[in-house]
>>> print(open('coords13.cif').read())   # mmCIF, C-alpha atoms
data_final
loop_
_atom_site.label_atom_id
_atom_site.label_comp_id
_atom_site.auth_asym_id
_atom_site.auth_seq_id
_atom_site.Cartn_x
_atom_site.Cartn_y
_atom_site.Cartn_z
CA MET A 1 101.63 -47.57 -13.75
CA VAL A 2 102.31 -44.20 -15.35
CA ILE A 3 105.43 -44.13 -17.51
CA GLN A 4 107.19 -41.47 -19.53
CA LEU A 5 106.94 -42.10 -23.28
CA PRO A 6 109.86 -41.51 -25.65
CA GLU A 7 110.02 -38.03 -27.20
CA SER A 8 109.50 -39.48 -30.70
CA GLU A 9 106.21 -40.99 -29.55
CA ALA A 10 105.22 -37.76 -27.84
CA ARG A 11 105.77 -35.86 -31.09
CA ALA A 12 103.88 -38.51 -33.09
CA MET A 13 100.90 -38.14 -30.76
CA LEU A 14 100.81 -34.37 -31.33
CA GLU A 15 101.14 -34.91 -35.10
CA ARG A 16 98.21 -37.32 -35.29
CA GLY A 17 95.90 -35.41 -32.94
CA LYS A 18 93.04 -33.34 -34.35
CA VAL A 19 91.50 -31.99 -31.17
CA ALA A 20 93.67 -30.71 -28.36
CA ARG A 21 93.30 -28.50 -25.32
CA LEU A 22 95.04 -25.18 -25.52
CA GLY A 23 96.29 -23.88 -22.20
CA CYS A 24 97.09 -20.25 -21.50
CA ILE A 25 97.07 -17.84 -18.60
CA VAL A 26 94.16 -15.41 -18.24
CA ASN A 27 94.42 -12.85 -15.43
CA GLY A 28 96.80 -15.13 -13.54
CA ASP A 29 94.49 -18.14 -13.78
CA PRO A 30 95.22 -21.19 -15.92
CA TYR A 31 92.68 -21.41 -18.75
CA ILE A 32 91.90 -24.34 -21.06
CA VAL A 33 89.89 -24.47 -24.26
CA PRO A 34 89.50 -27.27 -26.83
CA ILE A 35 90.75 -26.48 -30.33
CA ASN A 36 91.03 -28.13 -33.70
CA TYR A 37 94.56 -27.95 -35.04
CA PHE A 38 97.08 -29.41 -37.37
CA MET A 39 100.85 -29.64 -36.99
CA LYS A 40 103.38 -28.52 -39.56
CA ASP A 41 107.12 -28.04 -39.07
CA GLY A 42 106.89 -28.01 -35.30
CA ARG A 43 104.01 -25.57 -35.10
CA ALA A 44 100.40 -26.26 -34.19
CA TYR A 45 98.12 -24.16 -36.41
CA SER A 46 94.62 -23.15 -35.46
CA HIS A 47 92.13 -20.34 -35.64
CA SER A 48 89.85 -18.54 -33.25
CA LEU A 49 87.23 -15.87 -33.06
CA PRO A 50 88.36 -12.80 -31.09
CA GLY A 51 87.89 -13.07 -27.34
CA LEU A 52 89.34 -13.85 -23.95
CA LYS A 53 91.81 -16.50 -25.12
CA VAL A 54 93.37 -14.43 -27.90
CA ASP A 55 93.45 -11.26 -25.76
CA ALA A 56 95.27 -13.20 -23.06
CA LEU A 57 97.74 -14.83 -25.46
CA ARG A 58 98.64 -11.45 -26.93
CA LEU A 59 99.55 -10.27 -23.43
CA ASN A 60 101.30 -13.48 -22.36
CA PRO A 61 102.20 -15.75 -25.29
CA ARG A 62 103.19 -18.74 -23.15
CA ALA A 63 100.91 -21.62 -24.10
CA CYS A 64 100.62 -25.36 -24.03
CA LEU A 65 98.79 -27.89 -26.12
CA GLN A 66 97.61 -31.13 -24.55
CA ALA A 67 96.19 -34.10 -26.45
CA ASP A 68 95.24 -37.47 -25.12
CA GLU A 69 94.20 -40.90 -26.28
CA ILE A 70 91.91 -42.34 -23.63
CA ASN A 71 90.69 -45.91 -24.02
CA SER A 72 89.52 -46.37 -20.46
CA ASP A 73 89.91 -44.71 -17.07
CA PHE A 74 93.26 -46.35 -16.61
CA GLU A 75 94.48 -46.97 -20.12
CA TRP A 76 95.43 -43.60 -21.49
CA ARG A 77 98.28 -41.51 -22.83
CA SER A 78 98.63 -37.79 -22.67
CA VAL A 79 101.03 -35.53 -24.49
CA ILE A 80 101.80 -31.92 -23.74
CA GLY A 81 103.71 -29.48 -25.90
CA PHE A 82 104.94 -26.18 -24.46
CA GLY A 83 105.58 -23.12 -26.56
CA GLU A 84 104.57 -19.68 -27.65
CA PHE A 85 101.61 -18.11 -29.37
CA GLU A 86 102.33 -16.50 -32.72
CA GLU A 87 99.63 -14.58 -34.57
CA ILE A 88 99.60 -15.05 -38.34
CA THR A 89 98.75 -11.80 -40.10
CA GLU A 90 100.39 -12.16 -43.51
CA PRO A 91 97.43 -12.59 -45.96
CA SER A 92 98.78 -15.45 -48.14
CA MET A 93 99.92 -17.37 -45.06
CA ARG A 94 96.48 -16.86 -43.44
CA GLU A 95 94.77 -18.08 -46.59
CA GLN A 96 96.98 -21.18 -46.76
CA ILE A 97 96.38 -22.11 -43.11
CA LEU A 98 92.63 -21.46 -43.23
CA GLY A 99 92.50 -23.59 -46.40
CA GLN A 100 94.19 -26.47 -44.58
CA LEU A 101 91.86 -26.09 -41.59
CA LEU A 102 88.78 -26.10 -43.85
CA LEU A 103 90.11 -29.18 -45.61
CA ARG A 104 90.63 -31.05 -42.35
CA PHE A 105 87.56 -29.77 -40.55
CA PRO A 106 84.91 -29.46 -43.27
CA ARG A 107 82.23 -28.79 -40.70
CA LEU A 108 83.36 -25.24 -40.00
CA THR A 109 80.16 -23.33 -39.37
CA PRO A 110 78.84 -21.23 -42.29
CA VAL A 111 79.82 -18.05 -40.45
CA GLU A 112 83.35 -19.27 -39.94
CA ALA A 113 83.61 -20.52 -43.50
CA ALA A 114 82.38 -17.19 -44.86
CA ILE A 115 84.87 -15.31 -42.72
CA ALA A 116 87.61 -17.74 -43.67
CA THR A 117 87.01 -17.16 -47.40
CA ASP A 118 87.11 -13.41 -47.08
CA ILE A 119 90.75 -13.17 -46.11
CA ASP A 120 90.92 -9.39 -46.21
CA THR A 121 88.64 -8.84 -43.22
CA PRO A 122 90.30 -10.54 -40.31
CA PRO A 123 87.87 -10.90 -37.42
CA ILE A 124 89.01 -14.53 -37.44
CA ILE A 125 92.41 -14.96 -35.80
CA VAL A 126 94.87 -17.38 -37.33
CA PHE A 127 97.64 -18.46 -35.02
CA ALA A 128 100.35 -20.97 -34.33
CA ILE A 129 101.76 -22.40 -31.16
CA LYS A 130 105.47 -22.86 -31.78
CA ILE A 131 106.20 -26.04 -29.86
CA GLU A 132 109.51 -25.87 -28.00
CA ARG A 133 109.39 -29.12 -26.05
CA VAL A 134 107.06 -32.06 -25.68
CA THR A 135 106.55 -34.68 -23.06
CA ALA A 136 104.13 -37.58 -22.88
CA VAL A 137 103.05 -40.05 -20.25
CA GLY A 138 100.81 -43.07 -20.39
CA GLU A 139 99.91 -46.31 -18.76
CA MET B 1 78.03 -20.77 -33.73
CA VAL B 2 79.59 -20.76 -30.30
CA ILE B 3 77.21 -19.72 -27.53
CA GLN B 4 77.53 -19.28 -23.80
CA LEU B 5 75.58 -21.91 -21.85
CA PRO B 6 73.61 -21.09 -18.69
CA GLU B 7 75.54 -21.45 -15.43
CA SER B 8 73.21 -24.24 -14.27
CA GLU B 9 74.14 -26.26 -17.36
CA ALA B 10 77.83 -25.48 -16.84
CA ARG B 11 77.63 -26.85 -13.29
CA ALA B 12 75.69 -29.92 -14.47
CA MET B 13 78.42 -30.69 -17.01
CA LEU B 14 81.09 -30.57 -14.30
CA GLU B 15 78.94 -32.77 -12.05
CA ARG B 16 78.45 -35.48 -14.68
CA GLY B 17 82.03 -35.49 -15.98
CA LYS B 18 84.43 -38.26 -14.95
CA VAL B 19 87.54 -37.23 -16.83
CA ALA B 20 88.64 -33.62 -16.95
CA ARG B 21 91.77 -31.69 -17.69
CA LEU B 22 93.38 -30.01 -14.75
CA GLY B 23 95.19 -26.80 -15.58
CA CYS B 24 97.84 -25.23 -13.41
CA ILE B 25 100.91 -23.06 -13.79
CA VAL B 26 104.34 -24.72 -13.74
CA ASN B 27 107.37 -22.40 -13.83
CA GLY B 28 105.26 -19.72 -15.49
CA ASP B 29 103.98 -22.05 -18.21
CA PRO B 30 100.39 -23.27 -18.42
CA TYR B 31 100.27 -27.02 -17.79
CA ILE B 32 97.44 -29.49 -18.47
CA VAL B 33 96.98 -33.04 -17.30
CA PRO B 34 93.94 -35.36 -17.55
CA ILE B 35 92.48 -36.50 -14.23
CA ASN B 36 89.65 -38.65 -12.94
CA TYR B 37 87.52 -36.77 -10.49
CA PHE B 38 84.18 -36.51 -8.80
CA MET B 39 82.30 -33.45 -7.62
CA LYS B 40 80.87 -32.96 -4.17
CA ASP B 41 79.62 -29.72 -2.60
CA GLY B 42 81.32 -27.52 -5.15
CA ARG B 43 84.68 -29.26 -4.96
CA ALA B 44 86.30 -31.56 -7.50
CA TYR B 45 88.10 -34.38 -5.70
CA SER B 46 90.96 -36.32 -7.17
CA HIS B 47 94.27 -37.93 -6.32
CA SER B 48 97.75 -37.91 -7.72
CA LEU B 49 101.16 -39.41 -7.27
CA PRO B 50 103.77 -36.87 -6.15
CA GLY B 51 105.37 -34.91 -8.99
CA LEU B 52 105.50 -31.78 -11.07
CA LYS B 53 101.78 -31.01 -10.92
CA VAL B 54 101.43 -31.27 -7.15
CA ASP B 55 104.70 -29.41 -6.51
CA ALA B 56 103.47 -26.59 -8.73
CA LEU B 57 100.01 -26.45 -7.15
CA ARG B 58 101.53 -26.23 -3.68
CA LEU B 59 103.46 -23.14 -4.83
CA ASN B 60 100.60 -21.60 -6.81
CA PRO B 61 97.20 -23.08 -5.95
CA ARG B 62 95.32 -21.40 -8.81
CA ALA B 63 93.84 -24.14 -10.96
CA CYS B 64 91.15 -24.85 -13.49
CA LEU B 65 89.23 -27.91 -14.49
CA GLN B 66 87.99 -28.28 -18.05
CA ALA B 67 85.63 -30.98 -19.28
CA ASP B 68 84.07 -31.35 -22.67
CA GLU B 69 81.48 -33.36 -24.50
CA ILE B 70 82.63 -33.65 -28.09
CA ASN B 71 80.34 -35.35 -30.60
CA SER B 72 82.07 -34.08 -33.70
CA ASP B 73 84.57 -31.41 -34.72
CA PHE B 74 81.85 -28.80 -34.64
CA GLU B 75 79.32 -30.16 -32.23
CA TRP B 76 80.84 -29.80 -28.81
CA ARG B 77 80.47 -28.15 -25.42
CA SER B 78 83.21 -27.27 -23.02
CA VAL B 79 82.98 -26.26 -19.39
CA ILE B 80 85.69 -24.68 -17.30
CA GLY B 81 85.72 -24.25 -13.55
CA PHE B 82 88.23 -21.94 -11.89
CA GLY B 83 89.37 -22.32 -8.34
CA GLU B 84 92.03 -23.30 -5.88
CA PHE B 85 93.98 -26.43 -5.02
CA GLU B 86 93.44 -27.77 -1.52
CA GLU B 87 95.45 -30.70 -0.25
CA ILE B 88 93.53 -33.18 1.90
CA THR B 89 95.71 -34.48 4.73
CA GLU B 90 93.21 -35.42 7.43
CA PRO B 91 93.27 -39.27 7.51
CA SER B 92 89.52 -40.02 7.73
CA MET B 93 88.81 -37.49 4.97
CA ARG B 94 91.55 -39.03 2.79
CA GLU B 95 90.11 -42.48 3.37
CA GLN B 96 86.60 -41.35 2.46
CA ILE B 97 87.70 -39.66 -0.77
CA LEU B 98 89.97 -42.49 -1.86
CA GLY B 99 87.09 -44.89 -1.19
CA GLN B 100 84.82 -42.87 -3.47
CA LEU B 101 87.51 -42.71 -6.17
CA LEU B 102 88.04 -46.49 -5.98
CA LEU B 103 84.31 -47.00 -6.23
CA ARG B 104 83.98 -44.82 -9.30
CA PHE B 105 87.22 -45.85 -10.98
CA PRO B 106 87.60 -49.54 -10.12
CA ARG B 107 90.50 -49.89 -12.54
CA LEU B 108 92.95 -48.13 -10.26
CA THR B 109 96.23 -49.93 -10.82
CA PRO B 110 97.27 -52.47 -8.14
CA VAL B 111 100.02 -50.10 -6.98
CA GLU B 112 97.57 -47.26 -6.56
CA ALA B 113 94.99 -49.48 -4.88
CA ALA B 114 97.62 -50.78 -2.43
CA ILE B 115 98.72 -47.26 -1.62
CA ALA B 116 95.12 -46.11 -1.33
CA THR B 117 94.33 -48.81 1.21
CA ASP B 118 97.30 -47.98 3.38
CA ILE B 119 96.08 -44.56 4.41
CA ASP B 120 98.82 -43.93 6.93
CA THR B 121 101.61 -43.74 4.37
CA PRO B 122 100.70 -40.89 2.11
CA PRO B 123 102.81 -40.99 -1.05
CA ILE B 124 99.47 -40.63 -2.82
CA ILE B 125 98.19 -37.07 -2.72
CA VAL B 126 94.48 -36.49 -2.21
CA PHE B 127 93.27 -33.08 -3.24
CA ALA B 128 90.32 -30.92 -4.11
CA ILE B 129 89.86 -28.04 -6.49
CA LYS B 130 87.43 -25.68 -4.81
CA ILE B 131 85.44 -24.35 -7.76
CA GLU B 132 84.73 -20.63 -7.47
CA ARG B 133 83.13 -19.95 -10.83
CA VAL B 134 82.18 -21.92 -13.91
CA THR B 135 81.54 -21.02 -17.48
CA ALA B 136 80.57 -23.18 -20.44
CA VAL B 137 80.33 -22.70 -24.16
CA GLY B 138 79.07 -24.92 -26.93
CA GLU B 139 77.74 -25.05 -30.44
#
>>> encode(input="coords13.cif", output="structure tokens")
Amino acid sequence: MVIQLPESEARAMLERGKVARLGCIVNGDPYIVPINYFMKDGRAYSHSLPGLKVDALRLNPRACLQADEINSDFEWRSVIGFGEFEEITEPSMREQILGQLLLRFPRLTPVEAAIATDIDTPPIIVFAIKIERVTAVGE
Amino acid sequence: MVIQLPESEARAMLERGKVARLGCIVNGDPYIVPINYFMKDGRAYSHSLPGLKVDALRLNPRACLQADEINSDFEWRSVIGFGEFEEITEPSMREQILGQLLLRFPRLTPVEAAIATDIDTPPIIVFAIKIERVTAVGE
């Protein structure tokens, strides 16, 4: 039976997740893409190459982040955090976040790693989702 | 490096998936929830208890279905299908779909199984997402 989990557990799930699905709205349609992320001070930090997702989030910053822990078809928990897209443009902040991402996800592709090191040319987008509320269910 | 996969492969990924994330729009916010589903004739069939997701999809039927195959942080593929929510109310059709879902996901909880058997009382919602277009990326 599906039950609501306490908010503290919902937040803990988001904190310990490494892969989540980012939801946004693209031309009126819901859109979902998997991302690597880490949480810090209530924000989920990630990065992206330019494209559909970032273009859409610049127009409509409403976003959600969903992570789940699925052990079997009917033994799972899912957390969702709702919030807003914030683009990180300040160079030292970008460098710090990209450093953390590289540390946690060492298998960034060579292209991404090269871009990430060269902080002055920003084809790579660094962003946060500021999480306003979270809710989790499970069974 | 992230590349676009051929449409045939995108469709094959949706066909072979069992768990996907359903995206919809709830009060203007993107919303994501994991579902069990199966594909038939271009539709993803699933079921749900009444609640936020179904209420929202009745108001705004635009939906997406995202499935991924993640082997490591940077070896993954993700498919997304865009389409519309359709509620299945015709009793014999409901029975057929619930039968298929029970067959594929035998660990339906006793409550769900009991509800599923009693097709005349429909607190359980049976629905399809009619997939209009698919796109997949991977690296």
>>> resolve_selection(input="coords13.cif", expression="the PyMOL selection byres ((chain A) within 10 of (chain B))", output="NGL selection string")
:A and (1-2 or 18-19 or 21-25 or 28-36 or 49 or 60-68 or 70 or 72-84 or 104-112 or 137 or 139)
>>> atom_distance(input="coords13.cif", atom1="CA of Glu7 in chain A", atom2="CA of Glu132 in chain A")
12.2 Å
>>> closest_residue(input="coords13.cif", among="B:Pro50, B:Tyr37, B:Ala136, B:Ile125", to="Glu95 in chain B", atoms="all atoms listed in the file")
B:Ile125
>>> atom_distance(input="coords13.cif", atom1="CA of Ser48 in chain B", atom2="CA of Ala20 in chain A")
22.2 Å
>>> atom_distance(input="coords13.cif", atom1="CA of Leu59 in chain B", atom2="CA of Glu87 in chain B")
11.9 Å
